[in-house]
>>> print(open('final_34.cif').read())   # mmCIF, C-alpha atoms
data_entry
#
loop_
_atom_site.group_PDB
_atom_site.id
_atom_site.type_symbol
_atom_site.label_atom_id
_atom_site.label_comp_id
_atom_site.auth_asym_id
_atom_site.auth_seq_id
_atom_site.Cartn_x
_atom_site.Cartn_y
_atom_site.Cartn_z
ATOM 1 C CA MET W 1 26.619 -11.060 44.612
ATOM 2 C CA ASP W 2 26.498 -13.307 41.583
ATOM 3 C CA ASP W 3 26.469 -11.400 38.320
ATOM 4 C CA GLY W 4 24.437 -14.077 36.563
ATOM 5 C CA PRO W 5 25.075 -14.498 32.853
ATOM 6 C CA LEU W 6 26.272 -10.891 32.399
ATOM 7 C CA PRO W 7 29.280 -9.331 34.077
ATOM 8 C CA SER W 8 29.151 -6.089 36.008
ATOM 9 C CA GLY W 9 31.740 -3.595 37.124
ATOM 10 C CA ILE W 10 35.264 -3.890 35.802
ATOM 11 C CA LYS W 11 34.638 -7.544 34.808
ATOM 12 C CA VAL W 12 32.883 -6.173 31.707
ATOM 13 C CA PHE W 13 36.316 -5.461 30.226
ATOM 14 C CA THR W 14 37.592 -8.983 30.860
ATOM 15 C CA THR W 15 34.822 -11.172 29.452
ATOM 16 C CA CYS W 16 34.042 -12.153 25.915
ATOM 17 C CA PRO W 17 32.126 -10.661 24.063
ATOM 18 C CA ASP W 18 31.857 -7.632 26.331
ATOM 19 C CA LEU W 19 35.476 -6.647 25.838
ATOM 20 C CA LEU W 20 34.504 -5.779 22.252
ATOM 21 C CA PHE W 21 32.703 -2.686 23.582
ATOM 22 C CA SER W 22 35.927 -0.678 23.531
ATOM 23 C CA LEU W 23 36.721 -1.586 19.906
ATOM 24 C CA GLU W 24 33.143 -0.770 18.901
ATOM 25 C CA PHE W 25 33.626 2.658 20.478
ATOM 26 C CA VAL W 26 36.856 3.305 18.624
ATOM 27 C CA PHE W 27 35.711 2.283 15.151
ATOM 28 C CA GLY W 28 32.178 3.635 15.541
ATOM 29 C CA GLY W 29 33.597 6.939 16.745
ATOM 30 C CA LEU W 30 35.972 7.069 13.788
ATOM 31 C CA VAL W 31 33.078 6.562 11.375
ATOM 32 C CA TRP W 32 31.108 9.293 13.130
ATOM 33 C CA ILE W 33 34.043 11.734 13.007
ATOM 34 C CA LEU W 34 34.919 11.011 9.385
ATOM 35 C CA ILE W 35 31.357 11.365 8.123
ATOM 36 C CA ALA W 36 30.813 14.524 10.164
ATOM 37 C CA SER W 37 33.970 16.121 8.802
ATOM 38 C CA SER W 38 33.629 15.049 5.180
ATOM 39 C CA LEU W 39 31.924 16.715 2.293
ATOM 40 C CA VAL W 40 28.455 15.217 1.912
ATOM 41 C CA PRO W 41 27.437 15.257 -1.760
ATOM 42 C CA LEU W 42 24.931 12.406 -1.223
ATOM 43 C CA PRO W 43 23.031 13.416 1.929
ATOM 44 C CA LEU W 44 20.481 10.605 1.820
ATOM 45 C CA LEU W 45 23.113 7.853 1.776
ATOM 46 C CA GLN W 46 25.538 9.502 4.147
ATOM 47 C CA GLY W 47 22.752 10.664 6.456
ATOM 48 C CA TRP W 48 21.936 7.022 7.163
ATOM 49 C CA VAL W 49 25.608 6.298 7.888
ATOM 50 C CA MET W 50 25.691 9.253 10.294
ATOM 51 C CA PHE W 51 22.468 8.126 11.990
ATOM 52 C CA VAL W 52 23.788 4.585 12.429
ATOM 53 C CA SER W 53 27.137 5.700 13.825
ATOM 54 C CA VAL W 54 25.520 8.088 16.332
ATOM 55 C CA PHE W 55 22.758 5.626 17.282
ATOM 56 C CA CYS W 56 25.204 2.771 17.861
ATOM 57 C CA PHE W 57 27.690 4.970 19.699
ATOM 58 C CA VAL W 58 25.022 6.241 22.096
ATOM 59 C CA GLY W 59 23.407 2.801 22.459
ATOM 60 C CA THR W 60 26.709 1.082 23.133
ATOM 61 C CA THR W 61 27.673 3.772 25.644
ATOM 62 C CA ALA W 62 24.373 3.378 27.487
ATOM 63 C CA LEU W 63 24.584 -0.420 27.515
ATOM 64 C CA LEU W 64 28.200 -0.384 28.719
ATOM 65 C CA PHE W 65 27.357 2.115 31.462
ATOM 66 C CA LEU W 66 24.424 -0.021 32.607
ATOM 67 C CA TYR W 67 26.684 -3.082 32.709
ATOM 68 C CA LEU W 68 29.358 -1.214 34.633
ATOM 69 C CA ILE W 69 26.938 -0.130 37.361
ATOM 70 C CA GLY W 70 25.343 -3.590 37.455
ATOM 71 C CA ALA W 71 21.858 -2.409 36.490
ATOM 72 C CA HIS W 72 21.020 -5.871 35.160
ATOM 73 C CA GLY W 73 21.081 -7.319 38.669
ATOM 74 C CA GLY W 74 21.844 -10.772 37.333
ATOM 75 C CA GLU W 75 18.535 -10.965 35.454
ATOM 76 C CA THR W 76 18.572 -13.243 32.427
ATOM 77 C CA SER W 77 16.254 -10.942 30.444
ATOM 78 C CA TRP W 78 19.213 -8.586 29.958
ATOM 79 C CA VAL W 79 20.943 -11.310 27.962
ATOM 80 C CA SER W 80 18.064 -11.138 25.475
ATOM 81 C CA LEU W 81 18.384 -7.349 25.339
ATOM 82 C CA ASP W 82 22.119 -7.654 24.713
ATOM 83 C CA ALA W 83 21.630 -10.155 21.889
ATOM 84 C CA ALA W 84 18.822 -8.108 20.305
ATOM 85 C CA TYR W 85 20.716 -4.800 20.489
ATOM 86 C CA HIS W 86 23.917 -6.170 18.999
ATOM 87 C CA SER W 87 22.022 -7.987 16.248
ATOM 88 C CA VAL W 88 20.213 -4.785 15.269
ATOM 89 C CA ALA W 89 23.442 -2.781 15.496
ATOM 90 C CA ALA W 90 25.213 -5.329 13.281
ATOM 91 C CA LEU W 91 22.446 -5.118 10.683
ATOM 92 C CA PHE W 92 22.458 -1.308 10.809
ATOM 93 C CA TYR W 93 26.239 -1.074 10.480
ATOM 94 C CA LEU W 94 26.331 -3.557 7.623
ATOM 95 C CA SER W 95 23.774 -1.491 5.717
ATOM 96 C CA ALA W 96 25.668 1.711 6.556
ATOM 97 C CA ALA W 97 28.959 0.236 5.361
ATOM 98 C CA ILE W 98 27.425 -0.804 2.050
ATOM 99 C CA LEU W 99 25.818 2.605 1.543
ATOM 100 C CA GLU W 100 29.035 4.450 2.419
ATOM 101 C CA ALA W 101 30.942 2.309 -0.075
ATOM 102 C CA LEU W 102 28.305 3.116 -2.696
ATOM 103 C CA ALA W 103 28.538 6.829 -1.873
ATOM 104 C CA MET W 104 32.304 6.628 -2.173
ATOM 105 C CA ILE W 105 32.052 5.029 -5.614
ATOM 106 C CA LEU W 106 29.482 7.569 -6.819
ATOM 107 C CA MET W 107 31.509 10.580 -5.660
ATOM 108 C CA GLU W 108 34.902 9.485 -6.991
ATOM 109 C CA ASP W 109 35.182 12.238 -9.622
ATOM 110 C CA LYS W 110 33.035 14.845 -7.879
ATOM 111 C CA VAL W 111 35.120 15.720 -4.781
ATOM 112 C CA THR W 112 38.711 16.519 -3.903
ATOM 113 C CA TYR W 113 41.159 13.748 -3.162
ATOM 114 C CA GLU W 114 41.159 14.584 0.577
ATOM 115 C CA HIS W 115 37.386 14.286 0.829
ATOM 116 C CA TYR W 116 37.515 11.089 -1.190
ATOM 117 C CA LEU W 117 40.086 9.638 1.232
ATOM 118 C CA GLU W 118 37.915 10.575 4.223
ATOM 119 C CA ASN W 119 35.071 8.614 2.678
ATOM 120 C CA ILE W 120 37.315 5.662 1.854
ATOM 121 C CA PHE W 121 38.371 5.464 5.490
ATOM 122 C CA ALA W 122 34.779 5.961 6.675
ATOM 123 C CA ALA W 123 33.693 3.025 4.510
ATOM 124 C CA MET W 124 36.592 0.883 5.720
ATOM 125 C CA PHE W 125 35.927 1.670 9.405
ATOM 126 C CA SER W 126 32.208 1.035 8.835
ATOM 127 C CA TYR W 127 33.012 -2.478 7.669
ATOM 128 C CA VAL W 128 35.285 -3.041 10.669
ATOM 129 C CA ALA W 129 32.573 -1.762 13.033
ATOM 130 C CA ALA W 130 30.027 -4.000 11.298
ATOM 131 C CA LEU W 131 32.311 -7.001 11.775
ATOM 132 C CA LEU W 132 32.794 -6.173 15.462
ATOM 133 C CA TYR W 133 29.048 -5.868 16.007
ATOM 134 C CA VAL W 134 28.437 -9.142 14.133
ATOM 135 C CA VAL W 135 30.986 -10.981 16.290
ATOM 136 C CA HIS W 136 29.521 -9.421 19.425
ATOM 137 C CA ALA W 137 26.004 -10.375 18.285
ATOM 138 C CA VAL W 138 27.018 -13.985 17.610
ATOM 139 C CA PHE W 139 28.625 -14.354 21.028
ATOM 140 C CA SER W 140 25.642 -12.641 22.667
ATOM 141 C CA VAL W 141 23.229 -15.041 20.958
ATOM 142 C CA VAL W 142 25.388 -17.971 22.094
ATOM 143 C CA ARG W 143 25.299 -16.611 25.657
ATOM 144 C CA TRP W 144 21.517 -16.176 25.365
ATOM 145 C CA LYS W 145 20.689 -19.565 23.794
ATOM 146 C CA TRP W 146 23.249 -21.714 25.607
ATOM 147 C CA PRO W 147 23.954 -20.174 29.011
ATOM 148 C CA SER W 148 25.731 -23.337 30.182
ATOM 149 C CA VAL W 149 28.518 -22.698 27.646
ATOM 150 C CA ASN W 150 29.321 -19.408 29.367
ATOM 151 C CA ASN W 151 29.295 -20.814 32.911
ATOM 152 C CA SER W 152 31.621 -23.746 32.321
#
>>> encode(input="final_34.cif", output="structure tokens")
Amino acid sequence: MDDGPLPSGIKVFTTCPDLLFSLEFVFGGLVWILIASSLVPLPLLQGWVMFVSVFCFVGTTALLFLYLIGAHGGETSWVSLDAAYHSVAALFYLSAAILEALAMILMEDKVTYEHYLENIFAAMFSYVAALLYVVHAVFSVVRWKWPSVNNS
């Protein structure tokens, strides 16, 4: 069976940009863990970061699982879904990274050094996750707009 423009099964881990799923899991999970374990003096800002990390983690897990079982069936409409999801996730993570950096700056003198470090790393991993989602979104849009580039 031809997979069409999207891979299925184990081929998901060997094609670009789909191999970025695993890195998105790692860095998104680190953001989720660090925000969940840190002191939250600014709940409005850090609540958005937590929402984004959980939303993207669950969304990426669902999309990866659907690719692994071949739910797309070679349909080209799934390429549009992939491009749209990763574009939204990139936008969400970029906003979350900026807000976490702002929260980190605002809480510099208000928390212990350990909590401050947790938020520094959460902000740093948020930027890395945002970059991964942006790269994935760009390659997904390329695959969506120019399918012949992927098949050559």
>>> closest_atom_pairs(input="final_34.cif", of="stretch 4-83 of chain W", to="stretch 108-112 of chain W", cutoff="10 Å", atoms="all atoms listed in the file", output="Markdown table")
| residue | atom | partner | partner_atom | distance |
| --- | --- | --- | --- | --- |
| W:Leu39 | CA | W:Val111 | CA | 7.8 |
| W:Val40 | CA | W:Val111 | CA | 9.5 |
| W:Pro41 | CA | W:Val111 | CA | 8.3 |
>>> closest_residue(input="final_34.cif", among="W:Met124, W:Leu45, W:Ala137, W:Leu63", to="W:Leu106", atoms="all atoms listed in the file")
W:Leu45
>>> resolve_selection(input="final_34.cif", expression="the PyMOL selection byres ((chain W and resi 6-8) around 9)", output="JSON, numbers by chain")
{"W": [2, 3, 4, 5, 9, 10, 11, 12, 13, 14, 15, 18, 66, 67, 68, 69, 70, 71, 72, 73, 74, 75, 76, 78, 79, 143]}
>>> atom_distance(input="final_34.cif", atom1="atom CA of W:Phe139", atom2="atom CA of W:Phe25")
17.7 Å
>>> axis_aligned_box(input="final_34.cif", around="stretch 44-56 of chain W", padding_each_side="3 Å", output="lines of an AutoDock Vina configuration file")
center_x = 23.8
center_y = 6.7
center_z = 9.8
size_x = 12.7
size_y = 13.9
size_z = 22.1
>>> residues_around(input="final_34.cif", residues="W:Val26", least_positions_apart="2", cutoff="12 Å", atoms="all atoms listed in the file", output="PyMOL selection string")
chain W and resi 20-24+28-33+53+56-57+60-61+125-126+128-129+132
>>> residues_around(input="final_34.cif", residues="W:Ile105", least_positions_apart="3", cutoff="10 Å", atoms="all atoms listed in the file", output="short mmCIF file (atom, residue, chain, number, x, y, z; two decimals) with C-alpha atoms, keeping the file's coordinate frame")
data_model
loop_
_atom_site.label_atom_id
_atom_site.label_comp_id
_atom_site.auth_asym_id
_atom_site.auth_seq_id
_atom_site.Cartn_x
_atom_site.Cartn_y
_atom_site.Cartn_z
CA LEU W 99 25.82 2.60 1.54
CA GLU W 100 29.04 4.45 2.42
CA ALA W 101 30.94 2.31 -0.08
CA LEU W 102 28.30 3.12 -2.70
CA GLU W 108 34.90 9.48 -6.99
CA ASP W 109 35.18 12.24 -9.62
CA TYR W 116 37.52 11.09 -1.19
CA ASN W 119 35.07 8.61 2.68
CA ILE W 120 37.32 5.66 1.85
#
>>> residues_around(input="final_34.cif", residues="W:Gly59", least_positions_apart="5", cutoff="10 Å", atoms="all atoms listed in the file", output="NGL selection string")
:W and (53-54 or 64-65 or 85-86 or 89)
>>> atom_distance(input="final_34.cif", atom1="atom CA of W:Met104", atom2="atom CA of W:Leu34")
12.6 Å
>>> closest_residue(input="final_34.cif", among="W:Ala122, W:Val142, W:Val52, W:Val135", to="W:Ser38", atoms="all atoms listed in the file")
W:Ala122
>>> atom_distance(input="final_34.cif", atom1="atom CA of W:Ala97", atom2="atom CA of W:Trp48")
9.9 Å
>>> closest_residue(input="final_34.cif", among="W:Ala96, W:Ala103, W:Leu117, W:Leu81", to="W:Val141", atoms="all atoms listed in the file")
W:Leu81
>>> closest_residue(input="final_34.cif", among="W:Leu19, W:Met107, W:Ala36, W:Val134", to="W:Met50", atoms="all atoms listed in the file")
W:Ala36
>>> closest_residue(input="final_34.cif", among="W:Tyr93, W:Phe51, W:Tyr113, W:Trp144", to="W:Leu131", atoms="all atoms listed in the file")
W:Tyr93
>>> closest_residue(input="final_34.cif", among="W:Phe121, W:Ser140, W:Gly47, W:Ser77", to="W:Phe27", atoms="all atoms listed in the file")
W:Phe121
>>> decode(input="final_34.cif", residues="stretch 94-105 of chain W", atoms="all heavy atoms", output="tab-separated table (two decimals), in the first residue's frame")
chain	number	residue	atom	x	y	z
W	94	LEU	N	5.54	29.69	20.70
W	94	LEU	CA	6.28	30.95	20.67
W	94	LEU	C	5.69	31.93	21.67
W	94	LEU	O	6.43	32.59	22.41
W	94	LEU	CB	6.27	31.55	19.26
W	94	LEU	CG	7.17	32.75	19.04
W	94	LEU	CD1	8.62	32.43	19.38
W	94	LEU	CD2	7.05	33.26	17.63
W	95	SER	N	4.37	32.01	21.74
W	95	SER	CA	3.74	32.89	22.73
W	95	SER	C	4.03	32.41	24.14
W	95	SER	O	4.28	33.21	25.04
W	95	SER	CB	2.24	33.00	22.48
W	95	SER	OG	1.59	31.78	22.78
W	96	ALA	N	4.01	31.10	24.35
W	96	ALA	CA	4.30	30.56	25.69
W	96	ALA	C	5.74	30.83	26.10
W	96	ALA	O	6.01	31.16	27.27
W	96	ALA	CB	4.02	29.06	25.71
W	97	ALA	N	6.66	30.72	25.17
W	97	ALA	CA	8.07	30.97	25.48
W	97	ALA	C	8.28	32.43	25.87
W	97	ALA	O	9.01	32.73	26.83
W	97	ALA	CB	8.94	30.60	24.28
W	98	ILE	N	7.64	33.33	25.15
W	98	ILE	CA	7.77	34.75	25.48
W	98	ILE	C	7.17	35.05	26.84
W	98	ILE	O	7.77	35.76	27.66
W	98	ILE	CB	7.12	35.61	24.37
W	98	ILE	CG1	7.95	35.51	23.08
W	98	ILE	CG2	6.98	37.06	24.80
W	98	ILE	CD1	7.27	36.07	21.85
W	99	LEU	N	6.00	34.49	27.12
W	99	LEU	CA	5.36	34.73	28.42
W	99	LEU	C	6.14	34.10	29.57
W	99	LEU	O	6.22	34.67	30.66
W	99	LEU	CB	3.93	34.22	28.41
W	99	LEU	CG	2.95	35.04	27.59
W	99	LEU	CD1	1.58	34.39	27.58
W	99	LEU	CD2	2.87	36.46	28.12
W	100	GLU	N	6.73	32.94	29.35
W	100	GLU	CA	7.54	32.32	30.41
W	100	GLU	C	8.80	33.14	30.66
W	100	GLU	O	9.23	33.29	31.81
W	100	GLU	CB	7.89	30.88	30.05
W	100	GLU	CG	8.71	30.16	31.10
W	100	GLU	CD	8.06	30.10	32.47
W	100	GLU	OE1	6.82	30.17	32.58
W	100	GLU	OE2	8.81	29.97	33.44
W	101	ALA	N	9.40	33.69	29.62
W	101	ALA	CA	10.56	34.56	29.81
W	101	ALA	C	10.16	35.82	30.58
W	101	ALA	O	10.89	36.27	31.46
W	101	ALA	CB	11.18	34.92	28.46
W	102	LEU	N	9.00	36.37	30.25
W	102	LEU	CA	8.51	37.54	30.99
W	102	LEU	C	8.26	37.19	32.45
W	102	LEU	O	8.63	37.95	33.35
W	102	LEU	CB	7.23	38.07	30.34
W	102	LEU	CG	6.55	39.23	31.07
W	102	LEU	CD1	7.45	40.47	31.07
W	102	LEU	CD2	5.21	39.54	30.43
W	103	ALA	N	7.63	36.05	32.71
W	103	ALA	CA	7.38	35.62	34.08
W	103	ALA	C	8.69	35.44	34.83
W	103	ALA	O	8.81	35.81	36.01
W	103	ALA	CB	6.58	34.32	34.09
W	104	MET	N	9.67	34.89	34.16
W	104	MET	CA	10.98	34.69	34.78
W	104	MET	C	11.61	36.04	35.16
W	104	MET	O	12.16	36.19	36.25
W	104	MET	CB	11.88	33.93	33.81
W	104	MET	CG	13.25	33.60	34.33
W	104	MET	SD	14.30	33.01	33.01
W	104	MET	CE	14.44	34.45	31.98
W	105	ILE	N	11.51	37.01	34.30
W	105	ILE	CA	12.07	38.33	34.58
W	105	ILE	C	11.33	38.99	35.75
W	105	ILE	O	11.95	39.57	36.64
W	105	ILE	CB	12.01	39.23	33.32
W	105	ILE	CG1	12.99	38.72	32.27
W	105	ILE	CG2	12.30	40.68	33.66
W	105	ILE	CD1	12.79	39.32	30.90
